Amino acid sequence: MAPQISGIIDKKLFGLYLSDHLAGATAGQGRIERMARDFTDTPFHAELAALATQIREEREYLRGLVGDFGLPRRTPRRVAAWVAERAGRLKLNGRVVSRSPMTLVLESEVMRSAVMGKLGLWQTLQDLSGDLGLDGARFDGLATTAREQIATLDRVHEYARRRSFYTNQGS
């Protein structure tokens with residue numbers, strides 16, 4: 001049985017909410033895939049690659065929910081998020097062709113914030129699941145995964161910040 005939005009939920013607001021999260025997921029997916037590609041020289045490459053796979057799958061699940069509910073796909077929001085993610089890569093960090101040592105610090109901070117937002121999405125959907133005809137346990141599981149992703153990004157951030165601002169790059 002397909003999920004349905006009950007009459008007590010404002011479909012327009014709910015659609016905007018999911019659309020905003022889908023836009024954020026689009027930007028987050030691009031960023032984490034880039035991190036997995038760019039930071040192969042760190043001890044976290046495998047974990048970043050696993051995060052990229054999880055985030056891609058979660059984005060597809062969210063995209064499917066938007067479709068299952070018959071909500072409009074707000075392409076301009078996704079395009080704006082995609083453009084913003086690309087623009088966010090242009091940092092004035094004193095490097096033109098090489099990666100700055102602080103890049104991993106900044107990238108992990110951005111992704112931690114994004115995953116915190118996604119955690120809020122899963123919590124909200126869990127709260128609304130009964131009125132949406134969805135299994136709340138699925139969102140509990142997704143929330144647990146988000147917390148694990150945050151823990152991974154916390155470890156990446158710790159690794160990066162301990163190395164990024166020293167002249168010998170390894171202190």
# chains A, B, ... in the order shown; residues from 1 in each chain; ligands from 1
call {"tool": "residues_around", "arguments": {"residues": "Gly120 of chain A", "least_positions_apart": "2", "cutoff": "12 Å", "atoms": "only C-alpha atoms", "output": "JSON, numbers by chain"}}
result
{"A": [17, 18, 21, 113, 114, 115, 116, 117, 118, 122, 123, 124, 125, 126, 127, 139, 140, 142, 143, 144, 146, 147]}
call {"tool": "residues_around", "arguments": {"residues": "Ser6 of chain A", "least_positions_apart": "5", "cutoff": "12 Å", "atoms": "only C-alpha atoms", "output": "JSON, numbers by chain"}}
result
{"A": [11, 14, 69, 128, 129, 130, 131, 132, 133, 134]}
call {"tool": "residues_around", "arguments": {"residues": "Arg112 of chain A", "least_positions_apart": "4", "cutoff": "7 Å", "atoms": "only C-alpha atoms", "output": "ChimeraX atom specification"}}
result
/A:108,116,150,153
call {"tool": "write_last_selection", "arguments": {"atoms": "all heavy atoms", "output": "mmCIF file, in the first residue's frame"}}
result
data_model
loop_
_atom_site.group_PDB
_atom_site.id
_atom_site.type_symbol
_atom_site.label_atom_id
_atom_site.label_comp_id
_atom_site.auth_asym_id
_atom_site.auth_seq_id
_atom_site.Cartn_x
_atom_site.Cartn_y
_atom_site.Cartn_z
ATOM 1 N N SER A 108 34.591 18.445 6.408
ATOM 2 C CA SER A 108 33.979 17.599 7.446
ATOM 3 C C SER A 108 33.000 18.408 8.297
ATOM 4 O O SER A 108 31.967 17.888 8.724
ATOM 5 C CB SER A 108 35.040 16.911 8.310
ATOM 6 O OG SER A 108 35.854 17.846 8.984
ATOM 7 N N MET A 116 23.486 16.441 10.477
ATOM 8 C CA MET A 116 22.630 16.840 11.607
ATOM 9 C C MET A 116 21.247 17.252 11.106
ATOM 10 O O MET A 116 20.227 16.898 11.701
ATOM 11 C CB MET A 116 23.265 17.993 12.393
ATOM 12 C CG MET A 116 24.412 17.575 13.285
ATOM 13 S SD MET A 116 23.926 16.449 14.604
ATOM 14 C CE MET A 116 22.797 17.468 15.523
ATOM 15 N N ILE A 150 27.562 10.926 11.803
ATOM 16 C CA ILE A 150 28.100 12.084 12.531
ATOM 17 C C ILE A 150 29.346 11.671 13.311
ATOM 18 O O ILE A 150 30.354 12.396 13.323
ATOM 19 C CB ILE A 150 27.027 12.695 13.454
ATOM 20 C CG1 ILE A 150 25.917 13.340 12.622
ATOM 21 C CG2 ILE A 150 27.641 13.712 14.419
ATOM 22 C CD1 ILE A 150 24.643 13.649 13.386
ATOM 23 N N LEU A 153 32.179 11.434 10.907
ATOM 24 C CA LEU A 153 32.635 12.772 10.521
ATOM 25 C C LEU A 153 33.333 13.485 11.673
ATOM 26 O O LEU A 153 34.265 14.269 11.442
ATOM 27 C CB LEU A 153 31.459 13.583 9.983
ATOM 28 C CG LEU A 153 30.934 13.078 8.634
ATOM 29 C CD1 LEU A 153 29.553 13.644 8.341
ATOM 30 C CD2 LEU A 153 31.919 13.406 7.513
#
call {"tool": "closest_residue", "arguments": {"among": "A:Thr167, A:Glu109, A:Gly70, A:Gly141", "to": "Ile5 of chain A", "atoms": "only C-alpha atoms"}}
result
A:Gly70
call {"tool": "atom_distance", "arguments": {"atom1": "atom CA of Asp154 of chain A", "atom2": "atom CA of Ala137 of chain A"}}
result
25.7 Å
call {"tool": "residues_around", "arguments": {"residues": "Met35 of chain A", "least_positions_apart": "4", "cutoff": "8 Å", "atoms": "only C-alpha atoms", "output": "number ranges by chain"}}
result
A: 31, 39, 48, 104, 107
call {"tool": "write_last_selection", "arguments": {"atoms": "C-alpha atoms", "output": "PDB file, in the first residue's frame"}}
result
ATOM      1  CA  ARG A  31      30.192  16.940  -1.412  1.00  0.00           C
ATOM      2  CA  PHE A  39      40.980  12.221   0.393  1.00  0.00           C
ATOM      3  CA  LEU A  48      34.221   8.336   3.417  1.00  0.00           C
ATOM      4  CA  LEU A 104      39.301  18.431   5.103  1.00  0.00           C
ATOM      5  CA  GLU A 107      34.535  19.768   4.370  1.00  0.00           C
TER       6      GLU A 107
END
call {"tool": "closest_residue", "arguments": {"among": "A:Met102, A:Ser164, A:Arg73, A:Asp135", "to": "Asp20 of chain A", "atoms": "only C-alpha atoms"}}
result
A:Arg73
